[in-house]
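S.K.: I have a structure here, written as structure tokens, and I will follow up with some questions on it.
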Amino acid sequence: MKIAVIGTGYVGLVTGTCLAETGNTVICVDINEAKVLKMQQGIIPIYEPGLDVLFLRNIEQKRLTFTIDLAHAIKDAQIIFMALPTPPGGDGAADLSYILGAAKDISKLVTSYKVIVNKSTVPVGTADLVSAVFAENTDVEIDVVSNPEFLREGVAVDDFMKPDRVVIGTRSERAQKLMAELYGPYVRQGNPILFMDEKSSELTKYAANSFLATKITFMNEIANLCEKVGADVDAVRRGIGSDDRIGKRFLFPGIGYGGSCFPKDVQALAKSAEEHQYDFQILKAVMEINERQKTVLVDKVSTYYKDDLKGKHFALWGLAFKPETDDIREAPALYIIDALVSKGATVTVFDPEGMENVKNLIGDKVNYASNQYEALSGADALLIATEWSVFRNPDFELMETSLKHKVVFDGRNLYDLQKMIDLGYYYNSIGRKLID
Ligand SMILES: NC(=O)c1ccc[n+]([C@@H]2O[C@H](COP(=O)([O-])OP(=O)(O)OC[C@H]3O[C@@H](n4cnc5c(N)ncnc54)[C@H](O)[C@@H]3O)[C@@H](O)[C@H]2O)c1
Ligand SMILES: O=c1ccn([C@@H]2O[C@H](COP(=O)(O)OP(=O)(O)O[C@H]3O[C@H](CO)[C@@H](O)[C@H](O)[C@H]3O)[C@@H](O)[C@H]2O)c(=O)[nH]1
């Protein structure tokens, strides 16, 4: 099939590349000229494991091309995907200007039937708004479909190629048929394509993200309580996770959820409920608790140093909001840096993929190390904000020679408590026994 993808961010680029991988001809369009130029030269703009191989292969086979020319991109496309930003507006509601703006531009260019597919995360009713934009500007028959994306950064290719489910919101049989054909190769193992109306589809996405954010938040609360009562959150996590009704995944406590999706989507769903005169209390609590959770690691550091961090120097491992991505949007590490620096401390950071983005955002507010051990040099303590695999089993002897003191504040519970006792560390993690 001939496909156009508008927007080449984490979602658009993965969608375009993975659709090309099953034989479709895909033209991706973006307004960022520098980015498009790079992609035309075969340079991938994001770090996403496994994507580079598919990206290069499909460019070489000429199934995947990039342009800034919207008219060229959509001319022959049967299906047009929108994978555009929906950032929070001033009031927390999703800002739909990218979506509605692109819809308007497309509506002025179409000359034959198209399926317009919205992959962005949008409030209920957006498909109707997009349809209205088309109705205003063209007589050409158009079907607007909601097709929320559930991929996780770091495992995005797998999530797209083998999705748990594909959700498609449309009441048009013609669009349904085309979408079923397009997604057929991705659901061969029996994972379902769930057809529903547009509104239910749009709400499914917010409900999924908000539910997962709530699950994490609940575990963060349990972890905090564990510290008060002397229980071990790892044991509790395993104890409840082995109940199928609860499930093992997304029960890891930490320093608050971050990333480009959970914080904005929970906020947008709460706002959307408010606009419909519904007081979604649990979401308000989730947001409040998550804000508080972002401070737990720095609170532990402050308590240890009796509220005096002036002149202290810290190593920070992990900047990306989660492992296997270079994405630093709403990364807890950024909060930690801000808090430490504002209390008069200095920080040296290391992250396998997120350094460039942090440099561009905060410049010389921190020092940048070229590897994880260099970051420890002369540090009073090590803080861990992201659970990259390379931090899981470090060379503790090498660590000892670099750190000024054997002190670790771990926001991701990476190390075995007994091991830290044996090694003689002060080790403070989340919801577990303190090792003094
Ligand atoms: N990042 C994720 O893991 C993820 C997963 C599922 C859903 N989503 C949702 O998907 C949407 C996109 O997210 P993202 O992370 O890919 O965003 P992103 O910010 O990484 O990328 C958006 C891209 O759109 C481009 N763009 C903006 N206006 C444009 C226009 N008029 N024409 C063409 N290109 C334009 C930007 O230059 C950018 O390259 C959001 O609604 C997000 O909530 C994201
Ligand atoms: O047990 C857990 C699992 C996750 N997190 C945190 O939760 C946040 C989000 O993690 P994750 O969901 O793995 O990453 P995203 O790439 O943001 O993916 C989420 O957001 C996407 C954008 O909407 C959706 O498509 C995905 O389905 C949804 O999982 C991160 O800060 C994680 O550190 C925890 O604290 N504990």
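Residue names in the structure tokens use chain letters A, B, ... in the order shown, residue numbers from 1 in each chain, and ligand numbers from 1 in the order shown.
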Using only C-alpha atoms and all ligand atoms, determine which residues fall within 9 Å of ligand 1, then list them as an MDAnalysis selection string.
M.R.: chainID A and resid 5:14 28:33 35:36 46 68 70 82:87 94 98:99 101:103 105 118:122 148:154 156 205 259:262 264:265 327
S.K.: Got a sec: who's within 10 Å of stretch 167-170 of chain A, counting only C-alpha atoms, leaving out chain neighbours fewer than 6 positions off, as an MDAnalysis selection string?
M.R.: chainID A and resid 117:119 127 143:150 176 179:180 192:202 204:205
S.K.: Could you write out that same residue set with N, CA and C atoms as a compact mmCIF listing (two decimals), in the first residue's frame?
M.R.:
# COMPACT_ATOMS: atom_id res chain seq x y z
N VAL A 117 -5.39 8.78 9.42
CA VAL A 117 -5.28 8.00 10.65
C VAL A 117 -4.54 8.82 11.71
N ASN A 118 -5.18 9.00 12.84
CA ASN A 118 -4.50 9.72 13.91
C ASN A 118 -3.81 8.77 14.87
N LYS A 119 -2.48 8.85 14.91
CA LYS A 119 -1.68 8.00 15.81
C LYS A 119 -1.33 8.74 17.10
N ALA A 127 -11.31 13.06 16.62
CA ALA A 127 -11.61 12.57 15.26
C ALA A 127 -12.74 13.40 14.65
N ASP A 143 -12.15 9.47 5.35
CA ASP A 143 -12.50 8.82 6.61
C ASP A 143 -11.41 9.14 7.63
N VAL A 144 -11.82 9.63 8.78
CA VAL A 144 -10.85 9.93 9.83
C VAL A 144 -10.91 8.80 10.86
N VAL A 145 -9.76 8.16 11.07
CA VAL A 145 -9.68 6.97 11.92
C VAL A 145 -8.81 7.28 13.13
N SER A 146 -9.22 6.78 14.30
CA SER A 146 -8.36 6.87 15.48
C SER A 146 -7.61 5.54 15.62
N ASN A 147 -6.28 5.63 15.70
CA ASN A 147 -5.46 4.40 15.82
C ASN A 147 -4.33 4.69 16.80
N PRO A 148 -4.68 4.75 18.11
CA PRO A 148 -3.65 5.13 19.09
C PRO A 148 -2.46 4.18 19.07
N GLU A 149 -1.31 4.73 19.41
CA GLU A 149 -0.08 3.94 19.43
C GLU A 149 0.28 3.59 20.87
N PHE A 150 0.64 2.32 21.09
CA PHE A 150 0.96 1.86 22.44
C PHE A 150 2.44 1.50 22.61
N GLN A 176 -12.22 0.51 7.65
CA GLN A 176 -11.93 -0.69 8.45
C GLN A 176 -11.20 -1.74 7.61
N MET A 179 -7.60 -0.71 6.90
CA MET A 179 -6.76 -0.79 8.10
C MET A 179 -6.48 -2.25 8.47
N ALA A 180 -7.47 -3.11 8.29
CA ALA A 180 -7.28 -4.54 8.59
C ALA A 180 -6.23 -5.12 7.67
N PRO A 192 -5.09 -9.38 18.81
CA PRO A 192 -6.28 -8.89 18.10
C PRO A 192 -6.15 -7.48 17.50
N ILE A 193 -6.91 -7.28 16.43
CA ILE A 193 -7.21 -5.90 16.01
C ILE A 193 -8.59 -5.61 16.60
N LEU A 194 -8.65 -4.61 17.44
CA LEU A 194 -9.92 -4.30 18.11
C LEU A 194 -10.56 -3.10 17.41
N PHE A 195 -11.66 -3.36 16.72
CA PHE A 195 -12.37 -2.27 16.06
C PHE A 195 -13.40 -1.70 17.03
N MET A 196 -13.50 -0.41 17.05
CA MET A 196 -14.48 0.25 17.93
C MET A 196 -14.80 1.62 17.35
N ASP A 197 -15.66 2.36 18.03
CA ASP A 197 -15.94 3.71 17.54
C ASP A 197 -14.77 4.63 17.89
N GLU A 198 -14.72 5.78 17.26
CA GLU A 198 -13.58 6.68 17.40
C GLU A 198 -13.38 7.14 18.85
N LYS A 199 -14.49 7.48 19.51
CA LYS A 199 -14.36 8.02 20.87
C LYS A 199 -13.80 6.98 21.84
N SER A 200 -14.30 5.74 21.72
CA SER A 200 -13.81 4.69 22.61
C SER A 200 -12.33 4.44 22.36
N SER A 201 -11.93 4.50 21.11
CA SER A 201 -10.54 4.29 20.75
C SER A 201 -9.66 5.40 21.36
N GLU A 202 -10.11 6.62 21.23
CA GLU A 202 -9.33 7.74 21.77
C GLU A 202 -9.21 7.62 23.29
N THR A 204 -9.39 4.83 25.02
CA THR A 204 -8.60 3.63 25.36
C THR A 204 -7.14 4.00 25.61
N LYS A 205 -6.61 4.88 24.77
CA LYS A 205 -5.19 5.25 24.92
C LYS A 205 -4.94 5.95 26.26
S.K.: From the options A:Ala345, A:Met420, A:Leu383, A:Ala331, which residue's atoms come nearest to ligand 2, counting only C-alpha atoms and all ligand atoms?
M.R.: A:Ala331
S.K.: In Å, with one decimal, what is the gap from atom CA of A:Cys18 to atom CA of A:Gln189?
M.R.: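 That distance, rounded to one decimal, is 16.9 Å.
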S.K.: So, with only C-alpha atoms as the atoms that count, which of A:Leu340, A:Ala207, A:Gly247, A:Thr303 lies closest to A:Val266?
M.R.: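 The answer is A:Ala207, which sits nearest to A:Val266.
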S.K.: Between atom CA of A:Tyr206 and atom CA of A:Arg237, what distance in Å does the model show, to one decimal?
M.R.: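 Separating atom CA of A:Tyr206 from atom CA of A:Arg237 is a distance of 25.1 Å.
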S.K.: For the strand (DSSP E or B) assignment from backbone DSSP, which residues of stretch 7-150 of chain A qualify? Please present them as a list in words.
M.R.: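 Output for stretch 7-150 of chain A, strand (DSSP E or B) only: Thr25, Val26, Ile27, Cys28, Val29, Leu64, Thr65, Phe66, Thr67, Ile79, Ile80, Phe81, Met82, Pro88, Ala94, Lys114, Val115, Ile116, Val117, Asn118, Ile142, Asp143, Val144, Val145 and Ser146 of chain A.
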S.K.: Suppose we keep N, CA and C atoms; can you now write the selection as a PDB file, in the first residue's frame?
M.R.:
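Written out: part18.pdb:
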ATOM      1  N   THR A  25       4.978   1.149   0.583  1.00  0.00           N
ATOM      2  CA  THR A  25       5.814   2.280   0.164  1.00  0.00           C
ATOM      3  C   THR A  25       5.427   3.471   1.035  1.00  0.00           C
ATOM      4  N   VAL A  26       6.414   3.966   1.783  1.00  0.00           N
ATOM      5  CA  VAL A  26       6.102   4.965   2.801  1.00  0.00           C
ATOM      6  C   VAL A  26       6.875   6.267   2.545  1.00  0.00           C
ATOM      7  N   ILE A  27       6.151   7.361   2.522  1.00  0.00           N
ATOM      8  CA  ILE A  27       6.815   8.670   2.466  1.00  0.00           C
ATOM      9  C   ILE A  27       6.546   9.373   3.796  1.00  0.00           C
ATOM     10  N   CYS A  28       7.632   9.747   4.468  1.00  0.00           N
ATOM     11  CA  CYS A  28       7.498  10.452   5.747  1.00  0.00           C
ATOM     12  C   CYS A  28       7.756  11.934   5.513  1.00  0.00           C
ATOM     13  N   VAL A  29       6.926  12.759   6.120  1.00  0.00           N
ATOM     14  CA  VAL A  29       7.112  14.200   5.960  1.00  0.00           C
ATOM     15  C   VAL A  29       7.263  14.856   7.322  1.00  0.00           C
ATOM     16  N   LEU A  64      11.205   3.511   1.757  1.00  0.00           N
ATOM     17  CA  LEU A  64      11.079   4.531   2.807  1.00  0.00           C
ATOM     18  C   LEU A  64      11.815   5.800   2.363  1.00  0.00           C
ATOM     19  N   THR A  65      11.057   6.889   2.177  1.00  0.00           N
ATOM     20  CA  THR A  65      11.696   8.153   1.781  1.00  0.00           C
ATOM     21  C   THR A  65      11.206   9.278   2.681  1.00  0.00           C
ATOM     22  N   PHE A  66      11.937  10.387   2.636  1.00  0.00           N
ATOM     23  CA  PHE A  66      11.649  11.511   3.531  1.00  0.00           C
ATOM     24  C   PHE A  66      11.553  12.804   2.726  1.00  0.00           C
ATOM     25  N   THR A  67      10.658  13.666   3.151  1.00  0.00           N
ATOM     26  CA  THR A  67      10.471  14.924   2.428  1.00  0.00           C
ATOM     27  C   THR A  67       9.948  15.999   3.381  1.00  0.00           C
ATOM     28  N   ILE A  79      -3.429   5.897   2.610  1.00  0.00           N
ATOM     29  CA  ILE A  79      -3.600   6.115   4.049  1.00  0.00           C
ATOM     30  C   ILE A  79      -2.587   7.164   4.503  1.00  0.00           C
ATOM     31  N   ILE A  80      -3.060   8.147   5.247  1.00  0.00           N
ATOM     32  CA  ILE A  80      -2.167   9.196   5.761  1.00  0.00           C
ATOM     33  C   ILE A  80      -2.169   9.129   7.287  1.00  0.00           C
ATOM     34  N   PHE A  81      -1.016   8.833   7.880  1.00  0.00           N
ATOM     35  CA  PHE A  81      -0.896   8.779   9.343  1.00  0.00           C
ATOM     36  C   PHE A  81      -0.471  10.148   9.866  1.00  0.00           C
ATOM     37  N   MET A  82      -1.087  10.567  10.952  1.00  0.00           N
ATOM     38  CA  MET A  82      -0.592  11.757  11.649  1.00  0.00           C
ATOM     39  C   MET A  82       0.052  11.288  12.952  1.00  0.00           C
ATOM     40  N   PRO A  88       1.048  19.332  26.445  1.00  0.00           N
ATOM     41  CA  PRO A  88       0.052  19.958  27.302  1.00  0.00           C
ATOM     42  C   PRO A  88      -0.022  21.461  27.006  1.00  0.00           C
ATOM     43  N   ALA A  94      -4.644  18.684  26.284  1.00  0.00           N
ATOM     44  CA  ALA A  94      -3.772  18.444  25.128  1.00  0.00           C
ATOM     45  C   ALA A  94      -3.927  19.577  24.114  1.00  0.00           C
ATOM     46  N   LYS A 114      -9.176   9.374   0.868  1.00  0.00           N
ATOM     47  CA  LYS A 114      -8.030   9.054   1.743  1.00  0.00           C
ATOM     48  C   LYS A 114      -8.566   8.616   3.111  1.00  0.00           C
ATOM     49  N   VAL A 115      -7.769   7.754   3.741  1.00  0.00           N
ATOM     50  CA  VAL A 115      -8.028   7.456   5.152  1.00  0.00           C
ATOM     51  C   VAL A 115      -7.008   8.271   5.946  1.00  0.00           C
ATOM     52  N   ILE A 116      -7.499   9.116   6.825  1.00  0.00           N
ATOM     53  CA  ILE A 116      -6.618   9.923   7.666  1.00  0.00           C
ATOM     54  C   ILE A 116      -6.566   9.236   9.026  1.00  0.00           C
ATOM     55  N   VAL A 117      -5.395   8.780   9.420  1.00  0.00           N
ATOM     56  CA  VAL A 117      -5.276   7.997  10.652  1.00  0.00           C
ATOM     57  C   VAL A 117      -4.543   8.818  11.706  1.00  0.00           C
ATOM     58  N   ASN A 118      -5.175   8.996  12.843  1.00  0.00           N
ATOM     59  CA  ASN A 118      -4.498   9.725  13.908  1.00  0.00           C
ATOM     60  C   ASN A 118      -3.812   8.767  14.872  1.00  0.00           C
ATOM     61  N   ILE A 142     -13.476  11.519   2.761  1.00  0.00           N
ATOM     62  CA  ILE A 142     -12.370  11.263   3.698  1.00  0.00           C
ATOM     63  C   ILE A 142     -12.916  10.447   4.854  1.00  0.00           C
ATOM     64  N   ASP A 143     -12.150   9.465   5.345  1.00  0.00           N
ATOM     65  CA  ASP A 143     -12.501   8.817   6.614  1.00  0.00           C
ATOM     66  C   ASP A 143     -11.412   9.141   7.628  1.00  0.00           C
ATOM     67  N   VAL A 144     -11.816   9.630   8.775  1.00  0.00           N
ATOM     68  CA  VAL A 144     -10.850   9.931   9.833  1.00  0.00           C
ATOM     69  C   VAL A 144     -10.908   8.796  10.860  1.00  0.00           C
ATOM     70  N   VAL A 145      -9.762   8.164  11.070  1.00  0.00           N
ATOM     71  CA  VAL A 145      -9.684   6.975  11.923  1.00  0.00           C
ATOM     72  C   VAL A 145      -8.808   7.278  13.135  1.00  0.00           C
ATOM     73  N   SER A 146      -9.224   6.783  14.295  1.00  0.00           N
ATOM     74  CA  SER A 146      -8.360   6.866  15.482  1.00  0.00           C
ATOM     75  C   SER A 146      -7.612   5.539  15.618  1.00  0.00           C
TER      76      SER A 146
END
S.K.: Could you name the residues that touch A:Cys226 at 12 Å or less, counting only C-alpha atoms, but leaving out those on the same chain fewer than 2 positions away, as a PyMOL selection string?
M.R.: chain A and resi 219-224+228-237+253+429-434
S.K.: Go through A:Val140, A:Ala73, A:Leu269, A:Ile336 one by one, measure the shortest atom-to-atom distance of each to A:Ile255 using only C-alpha atoms, and give the residue with the smallest value.
M.R.: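 Ranked by minimum distance to A:Ile255, first place goes to A:Ile336.
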S.K.: Pick out the closest residue to ligand 2 from this set: A:Gly254, A:Gly318, A:Pro263, A:Gly424. Count only C-alpha atoms and all ligand atoms.
M.R.: A:Gly254
S.K.: Interatomic distance between atom CA of A:Val187 and atom CA of A:Lys162?
M.R.: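 Between atom CA of A:Val187 and atom CA of A:Lys162 the gap is 6.8 Å.
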S.K.: Check the smallest atom-to-atom distance from each of A:Gly241, A:Gly92, A:Gly363, A:Pro352 to ligand 2 using only C-alpha atoms and all ligand atoms, then report the winner.
M.R.: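 When distances to ligand 2 are compared using only C-alpha atoms and all ligand atoms, the smallest one comes from A:Gly241.
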S.K.: Residues near stretch 386-396 of chain A, anyone? I mean within 8 Å using only C-alpha atoms, not counting same-chain ones fewer than 6 positions away, as a ChimeraX atom specification.
M.R.: /A:317-324,333,352,411-412,414-415
